[in-house]
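As stored in entry.cif (mmCIF, C-alpha atoms):
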data_work
loop_
_atom_site.group_PDB
_atom_site.id
_atom_site.type_symbol
_atom_site.label_atom_id
_atom_site.label_comp_id
_atom_site.auth_asym_id
_atom_site.auth_seq_id
_atom_site.Cartn_x
_atom_site.Cartn_y
_atom_site.Cartn_z
ATOM 1 C CA MET A 11 89.578 119.516 91.600
ATOM 2 C CA PRO A 12 91.492 122.149 89.645
ATOM 3 C CA PRO A 13 94.404 123.767 91.489
ATOM 4 C CA ARG A 14 93.594 127.015 93.196
ATOM 5 C CA ARG A 15 94.686 130.280 91.708
ATOM 6 C CA SER A 16 97.806 131.760 93.230
ATOM 7 C CA TYR A 17 99.535 135.112 93.326
ATOM 8 C CA ASP A 18 102.793 133.149 92.976
ATOM 9 C CA GLN A 19 104.457 135.370 95.555
ATOM 10 C CA PHE A 20 106.700 134.028 98.308
ATOM 11 C CA CYS A 21 104.927 136.019 101.015
ATOM 12 C CA SER A 22 102.739 134.719 103.830
ATOM 13 C CA ALA A 23 100.085 137.407 103.220
ATOM 14 C CA ALA A 24 99.903 136.437 99.553
ATOM 15 C CA ARG A 25 99.703 132.746 100.470
ATOM 16 C CA ALA A 26 96.888 133.473 102.916
ATOM 17 C CA LEU A 27 94.997 135.386 100.235
ATOM 18 C CA ASP A 28 95.479 132.447 97.878
ATOM 19 C CA ALA A 29 93.321 130.473 100.325
ATOM 20 C CA VAL A 30 90.787 133.026 101.580
ATOM 21 C CA GLY A 31 90.988 135.985 99.227
ATOM 22 C CA ASP A 32 88.183 134.925 96.909
ATOM 23 C CA ARG A 33 84.855 136.736 97.246
ATOM 24 C CA TRP A 34 82.538 135.117 99.847
ATOM 25 C CA THR A 35 85.123 132.831 101.464
ATOM 26 C CA LEU A 36 85.580 134.806 104.676
ATOM 27 C CA LEU A 37 81.851 135.386 104.963
ATOM 28 C CA ILE A 38 81.322 131.622 104.736
ATOM 29 C CA VAL A 39 83.834 131.305 107.573
ATOM 30 C CA ARG A 40 81.785 133.855 109.548
ATOM 31 C CA GLU A 41 78.687 131.694 109.128
ATOM 32 C CA LEU A 42 80.495 128.453 109.993
ATOM 33 C CA LEU A 43 81.792 129.952 113.236
ATOM 34 C CA ALA A 44 78.260 129.182 114.447
ATOM 35 C CA GLY A 45 79.022 125.467 114.120
ATOM 36 C CA PRO A 46 77.879 122.907 111.531
ATOM 37 C CA ARG A 47 75.554 124.408 108.906
ATOM 38 C CA ARG A 48 73.540 122.887 106.102
ATOM 39 C CA TYR A 49 74.113 124.177 102.585
ATOM 40 C CA THR A 50 70.582 125.600 102.495
ATOM 41 C CA ASP A 51 71.169 127.473 105.768
ATOM 42 C CA LEU A 52 74.407 128.938 104.447
ATOM 43 C CA HIS A 53 72.702 130.046 101.264
ATOM 44 C CA ALA A 54 69.871 131.671 103.237
ATOM 45 C CA ASP A 55 72.287 133.627 105.455
ATOM 46 C CA LEU A 56 74.547 134.760 102.612
ATOM 47 C CA PRO A 57 72.105 136.842 100.562
ATOM 48 C CA GLY A 58 73.530 137.672 97.170
ATOM 49 C CA VAL A 59 75.655 134.569 96.671
ATOM 50 C CA SER A 60 74.686 132.302 93.785
ATOM 51 C CA THR A 61 74.307 128.572 94.362
ATOM 52 C CA ASP A 62 77.160 127.864 91.928
ATOM 53 C CA VAL A 63 79.556 130.244 93.659
ATOM 54 C CA LEU A 64 78.661 128.964 97.125
ATOM 55 C CA ALA A 65 79.184 125.356 96.062
ATOM 56 C CA SER A 66 82.499 126.268 94.439
ATOM 57 C CA ARG A 67 83.765 128.152 97.494
ATOM 58 C CA LEU A 68 82.817 125.295 99.818
ATOM 59 C CA LYS A 69 84.709 122.830 97.612
ATOM 60 C CA ASP A 70 87.713 125.169 97.637
ATOM 61 C CA MET A 71 87.542 125.371 101.441
ATOM 62 C CA GLU A 72 87.437 121.581 101.705
ATOM 63 C CA ARG A 73 90.417 121.278 99.372
ATOM 64 C CA ASP A 74 92.393 123.838 101.367
ATOM 65 C CA GLY A 75 91.651 122.230 104.721
ATOM 66 C CA LEU A 76 89.428 125.027 106.033
ATOM 67 C CA ALA A 77 86.133 123.111 106.171
ATOM 68 C CA ASN A 78 84.754 119.580 106.146
ATOM 69 C CA ARG A 79 81.502 118.142 104.841
ATOM 70 C CA ARG A 80 79.969 115.313 106.867
ATOM 71 C CA ARG A 81 76.679 113.533 107.327
ATOM 72 C CA MET A 82 74.883 114.109 110.613
ATOM 73 C CA PRO A 83 73.726 110.971 112.447
ATOM 74 C CA PRO A 84 70.022 110.038 112.496
ATOM 75 C CA PRO A 85 67.443 111.364 112.950
ATOM 76 C CA ALA A 86 68.898 114.419 111.175
ATOM 77 C CA ALA A 87 70.773 112.443 108.488
ATOM 78 C CA VAL A 88 71.661 115.589 106.543
ATOM 79 C CA TYR A 89 74.997 116.815 105.262
ATOM 80 C CA VAL A 90 76.573 119.769 107.001
ATOM 81 C CA TYR A 91 79.686 121.872 106.579
ATOM 82 C CA GLU A 92 81.902 122.771 109.516
ATOM 83 C CA LEU A 93 85.211 124.496 110.066
ATOM 84 C CA THR A 94 88.389 122.553 110.666
ATOM 85 C CA VAL A 95 90.830 123.650 113.342
ATOM 86 C CA ARG A 96 92.679 125.489 110.603
ATOM 87 C CA GLY A 97 89.496 127.232 109.509
ATOM 88 C CA ARG A 98 88.611 128.255 113.047
ATOM 89 C CA GLU A 99 91.997 129.953 113.318
ATOM 90 C CA LEU A 100 90.535 132.609 111.011
ATOM 91 C CA LEU A 101 88.409 134.001 113.873
ATOM 92 C CA PRO A 102 91.025 136.592 114.948
ATOM 93 C CA VAL A 103 91.511 137.475 111.270
ATOM 94 C CA LEU A 104 87.796 138.199 110.927
ATOM 95 C CA GLN A 105 87.802 140.126 114.192
ATOM 96 C CA ALA A 106 90.722 142.261 113.078
ATOM 97 C CA LEU A 107 89.028 142.860 109.728
ATOM 98 C CA GLY A 108 85.801 143.785 111.523
ATOM 99 C CA SER A 109 87.625 146.258 113.762
ATOM 100 C CA TRP A 110 89.315 147.815 110.746
ATOM 101 C CA GLY A 111 85.964 148.046 108.942
ATOM 102 C CA GLU A 112 84.051 149.739 111.769
ATOM 103 C CA SER A 113 84.496 153.147 110.193
ATOM 104 C CA GLU A 114 83.206 151.762 106.875
ATOM 105 C CA LEU A 115 79.887 150.569 108.309
ATOM 106 C CA GLY A 116 78.093 153.894 107.987
ATOM 107 C CA GLU A 117 74.315 153.956 107.738
ATOM 108 C CA ARG A 118 72.359 150.907 106.695
ATOM 109 C CA GLY A 119 71.368 151.252 103.059
ATOM 110 C CA PRO A 120 67.911 150.418 101.716
ATOM 111 C CA THR A 121 69.225 147.271 100.014
ATOM 112 C CA ASP A 122 71.483 146.130 102.872
ATOM 113 C CA ALA A 123 70.536 142.730 104.254
ATOM 114 C CA VAL A 124 70.918 142.092 107.978
ATOM 115 C CA ARG A 125 70.833 139.047 110.201
ATOM 116 C CA ALA A 126 70.785 139.281 113.982
ATOM 117 C CA HIS A 127 73.784 136.986 114.359
ATOM 118 C CA TRP A 128 75.940 139.286 112.218
ATOM 119 C CA PHE A 129 76.266 141.382 115.391
ATOM 120 C CA ALA A 130 77.812 138.406 117.201
ATOM 121 C CA LEU A 131 81.429 139.128 116.304
ATOM 122 C CA PRO A 132 81.280 142.852 117.217
ATOM 123 C CA LEU A 133 79.738 141.956 120.573
ATOM 124 C CA LEU A 134 82.381 139.317 121.184
ATOM 125 C CA ARG A 135 85.020 141.985 120.608
ATOM 126 C CA ALA A 136 83.284 144.175 123.175
ATOM 127 C CA LEU A 137 82.949 141.479 125.854
ATOM 128 C CA ASP A 138 85.691 141.093 128.424
ATOM 129 C CA GLY A 139 85.226 137.752 130.115
ATOM 130 C CA GLU A 140 84.108 134.196 129.500
ATOM 131 C CA GLY A 141 80.732 132.544 129.467
ATOM 132 C CA LEU A 142 77.517 131.928 127.580
ATOM 133 C CA VAL A 143 75.673 135.124 126.687
ATOM 134 C CA GLU A 144 72.156 135.391 125.294
ATOM 135 C CA VAL A 145 71.458 138.489 123.215
ATOM 136 C CA ARG A 146 67.989 139.792 122.445
ATOM 137 C CA LEU A 147 67.576 142.215 119.547
ATOM 138 C CA ASP A 148 64.673 143.541 117.522
ATOM 139 C CA GLU A 149 65.904 141.423 114.584
ATOM 140 C CA GLY A 150 66.015 138.229 116.644
ATOM 141 C CA ASP A 151 67.865 136.395 119.387
ATOM 142 C CA PHE A 152 71.281 134.789 119.290
ATOM 143 C CA HIS A 153 73.838 133.593 121.793
ATOM 144 C CA LEU A 154 77.603 133.920 122.171
ATOM 145 C CA TYR A 155 80.291 131.756 123.695
ATOM 146 C CA ALA A 156 82.635 134.426 125.029
ATOM 147 C CA GLY A 157 86.176 133.181 125.449
ATOM 148 C CA ALA A 158 85.475 129.809 123.806
ATOM 149 C CA GLU A 159 88.636 128.109 122.612
ATOM 150 C CA ASP A 160 86.868 125.467 120.527
ATOM 151 C CA GLY A 161 83.381 124.641 119.348
ATOM 152 C CA PRO A 162 80.873 127.200 118.057
ATOM 153 C CA VAL A 163 81.515 130.890 118.663
ATOM 154 C CA TYR A 164 77.859 131.872 118.452
ATOM 155 C CA GLY A 165 74.466 130.473 117.472
ATOM 156 C CA ASP A 166 71.018 131.574 116.387
ATOM 157 C CA GLY A 167 68.136 131.675 118.840
ATOM 158 C CA PRO A 168 68.049 131.573 122.641
ATOM 159 C CA ALA A 169 70.928 130.046 124.590
ATOM 160 C CA PRO A 170 70.780 126.225 124.752
ATOM 161 C CA ARG A 171 71.092 126.349 128.544
ATOM 162 C CA GLU A 172 70.875 128.936 131.281
ATOM 163 C CA PRO A 173 73.260 131.670 130.159
ATOM 164 C CA ASP A 174 75.807 133.450 132.318
ATOM 165 C CA ALA A 175 74.325 136.748 131.137
ATOM 166 C CA ARG A 176 71.459 138.081 129.060
ATOM 167 C CA LEU A 177 71.782 141.305 127.097
ATOM 168 C CA LEU A 178 68.755 143.236 125.893
ATOM 169 C CA LEU A 179 69.441 146.086 123.485
ATOM 170 C CA ASP A 180 67.968 147.728 120.433
ATOM 171 C CA ALA A 181 69.317 147.763 116.907
ATOM 172 C CA ALA A 182 70.595 151.339 117.185
ATOM 173 C CA THR A 183 72.715 150.466 120.207
ATOM 174 C CA CYS A 184 74.026 147.308 118.584
ATOM 175 C CA THR A 185 74.911 149.266 115.454
ATOM 176 C CA ALA A 186 76.766 151.870 117.546
ATOM 177 C CA LEU A 187 78.726 149.055 119.192
ATOM 178 C CA ALA A 188 79.487 147.511 115.793
ATOM 179 C CA ARG A 189 80.751 150.874 114.499
ATOM 180 C CA GLY A 190 83.010 151.315 117.514
ATOM 181 C CA GLU A 191 81.161 154.479 118.497
ATOM 182 C CA LEU A 192 80.063 153.064 121.846
ATOM 183 C CA GLY A 193 81.708 150.725 124.311
ATOM 184 C CA LEU A 194 79.691 147.969 125.944
ATOM 185 C CA ALA A 195 80.447 149.169 129.469
ATOM 186 C CA ASP A 196 79.365 152.705 128.530
ATOM 187 C CA ALA A 197 76.179 151.342 126.961
ATOM 188 C CA VAL A 198 75.356 149.424 130.153
ATOM 189 C CA ARG A 199 75.992 152.498 132.332
ATOM 190 C CA ALA A 200 73.818 154.620 130.052
ATOM 191 C CA GLY A 201 70.950 152.154 130.319
ATOM 192 C CA ARG A 202 71.094 151.309 126.622
ATOM 193 C CA VAL A 203 71.917 147.665 127.394
ATOM 194 C CA THR A 204 69.968 145.793 130.068
ATOM 195 C CA VAL A 205 71.973 143.009 131.717
ATOM 196 C CA THR A 206 70.315 140.171 133.608
ATOM 197 C CA GLY A 207 71.609 136.865 134.946
ATOM 198 C CA ASP A 208 73.478 135.567 137.950
ATOM 199 C CA GLY A 209 76.718 134.522 136.309
ATOM 200 C CA ALA A 210 80.068 136.168 136.907
ATOM 201 C CA LEU A 211 79.973 137.790 133.488
ATOM 202 C CA ALA A 212 76.578 139.415 134.183
ATOM 203 C CA LYS A 213 77.758 140.713 137.541
ATOM 204 C CA GLU A 214 80.935 142.065 135.982
ATOM 205 C CA LEU A 215 78.967 143.891 133.284
ATOM 206 C CA ARG A 216 76.616 145.441 135.817
ATOM 207 C CA GLU A 217 79.514 146.603 137.978
ATOM 208 C CA THR A 218 81.501 148.276 135.197
#

Output the structure of this file as structure tokens.
Amino acid sequence: MPPRRSYDQFCSAARALDAVGDRWTLLIVRELLAGPRRYTDLHADLPGVSTDVLASRLKDMERDGLANRRRMPPPAAVYVYELTVRGRELLPVLQALGSWGESELGERGPTDAVRAHWFALPLLRALDGEGLVEVRLDEGDFHLYAGAEDGPVYGDGPAPREPDARLLLDAATCTALARGELGLADAVRAGRVTVTGDGALAKELRET
């Protein structure tokens, strides 16, 4: 593979941007925080990216030690991409970037795509505690692994097992949380988020 482009600056920020500063790279990381993903799934959840650019970015991420490509065992027998430990270390970077960008979110434009799981990272920032959380939105369901130190951070669809808490909220509330206009505890107290479940996290949310 050709060598990656570089700013040729002896600065850790510049070196980091050498690896993740290209368009789409951090959004691919966002998608891979859900665990192993097929190329077709990545392409479907990154509207606007061309197949050539996506393939190029994934190769760059493999070269730079951020992601791996592997074949799933039968019966799946498909190739998937997944983050390395180094790639997963970008989670706090994405969270910091998301916090900084809250004021930029504004109103959803007529051409803005949306996926339910794109609200996963804002909700993780709002959660104080650990456990499996199922989230039900108008756009679809997803689940979060609050406080997870390894493995997937979130996933599409209902929780794979009985969650520690279930959150039911509408898109307007989730958008307010994503913009930083509303705290999760305040949303629960105001009745804008319904919390069910018997886990410690659910009880903590209901008692805030």

Once the PyMOL selection byres ((chain A and resi 97-104) around 8) is applied to the coordinates I shared, what remains selected? I want it as a PDB file with C-alpha atoms, in the frame of the given file.
ATOM      1  CA  LEU A  36      85.580 134.806 104.676  1.00  0.00           C
ATOM      2  CA  VAL A  39      83.834 131.305 107.573  1.00  0.00           C
ATOM      3  CA  ARG A  40      81.785 133.855 109.548  1.00  0.00           C
ATOM      4  CA  LEU A  43      81.792 129.952 113.236  1.00  0.00           C
ATOM      5  CA  GLY A  75      91.651 122.230 104.721  1.00  0.00           C
ATOM      6  CA  LEU A  76      89.428 125.027 106.033  1.00  0.00           C
ATOM      7  CA  ALA A  77      86.133 123.111 106.171  1.00  0.00           C
ATOM      8  CA  LEU A  93      85.211 124.496 110.066  1.00  0.00           C
ATOM      9  CA  THR A  94      88.389 122.553 110.666  1.00  0.00           C
ATOM     10  CA  VAL A  95      90.830 123.650 113.342  1.00  0.00           C
ATOM     11  CA  ARG A  96      92.679 125.489 110.603  1.00  0.00           C
ATOM     12  CA  GLN A 105      87.802 140.126 114.192  1.00  0.00           C
ATOM     13  CA  ALA A 106      90.722 142.261 113.078  1.00  0.00           C
ATOM     14  CA  LEU A 107      89.028 142.860 109.728  1.00  0.00           C
ATOM     15  CA  GLY A 108      85.801 143.785 111.523  1.00  0.00           C
TER      16      GLY A 108
END

message: At a cut-off of 12 Å, using all atoms listed in the file, what residues contact region 140-148 of chain A? Leave out same-chain residues fewer than 4 positions from it and give the result as a PyMOL selection string.
response: chain A and resi 124-130+133-136+152-159+162-185+203-215

query: Quick one, how far is CA of Ala44 (chain A) from CA of Asp122 (chain A)?
result: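 CA of Ala44 (chain A) sits 21.6 Å away from CA of Asp122 (chain A).
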
The centre and edge lengths of an axis-aligned box containing all atoms of region 20-37 of chain A present in the file, extended by 5 Å on each side, are to be given in Å to one decimal, as JSON.
{"center_x": 94.3, "center_y": 133.9, "center_z": 100.9, "size_x": 34.8, "size_y": 16.9, "size_z": 18.1}

task: Check which residues satisfy the PyMOL selection byres ((chain A and resi 50) around 12) in the file shown, then give them as an MDAnalysis selection string.
output: chainID A and resid 46:49 51:57 59:61 64:65 88:91

statement: What separates CA of Thr218 (chain A) and CA of Leu192 (chain A) is a distance of 14.3 Å

message: Quick check on the file I pasted: which residues fall under the PyMOL selection byres ((chain A and resi 191) around 12)? Write them as number ranges by chain.
response: A: 109, 112-113, 115-116, 132, 136, 182-190, 192-194, 196-197

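The space between CA of Arg15 (chain A) and CA of Asp28 (chain A) spans 6.6 Å.
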
message: My list of candidates is A:Ala87, A:Ala29, A:Leu42, A:Leu37. Which is closest to Asp70 (chain A) when distances are computed with all atoms listed in the file?
response: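 Selected residue with least distance to Asp70 (chain A): A:Ala29.
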
query: Of the candidates A:Gly201, A:Leu137, A:Leu27, A:Gly58, which one gets nearest to Thr121 (chain A) if we count all atoms listed in the file?
result: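 Closest to Thr121 (chain A), using all atoms listed in the file: A:Gly58.
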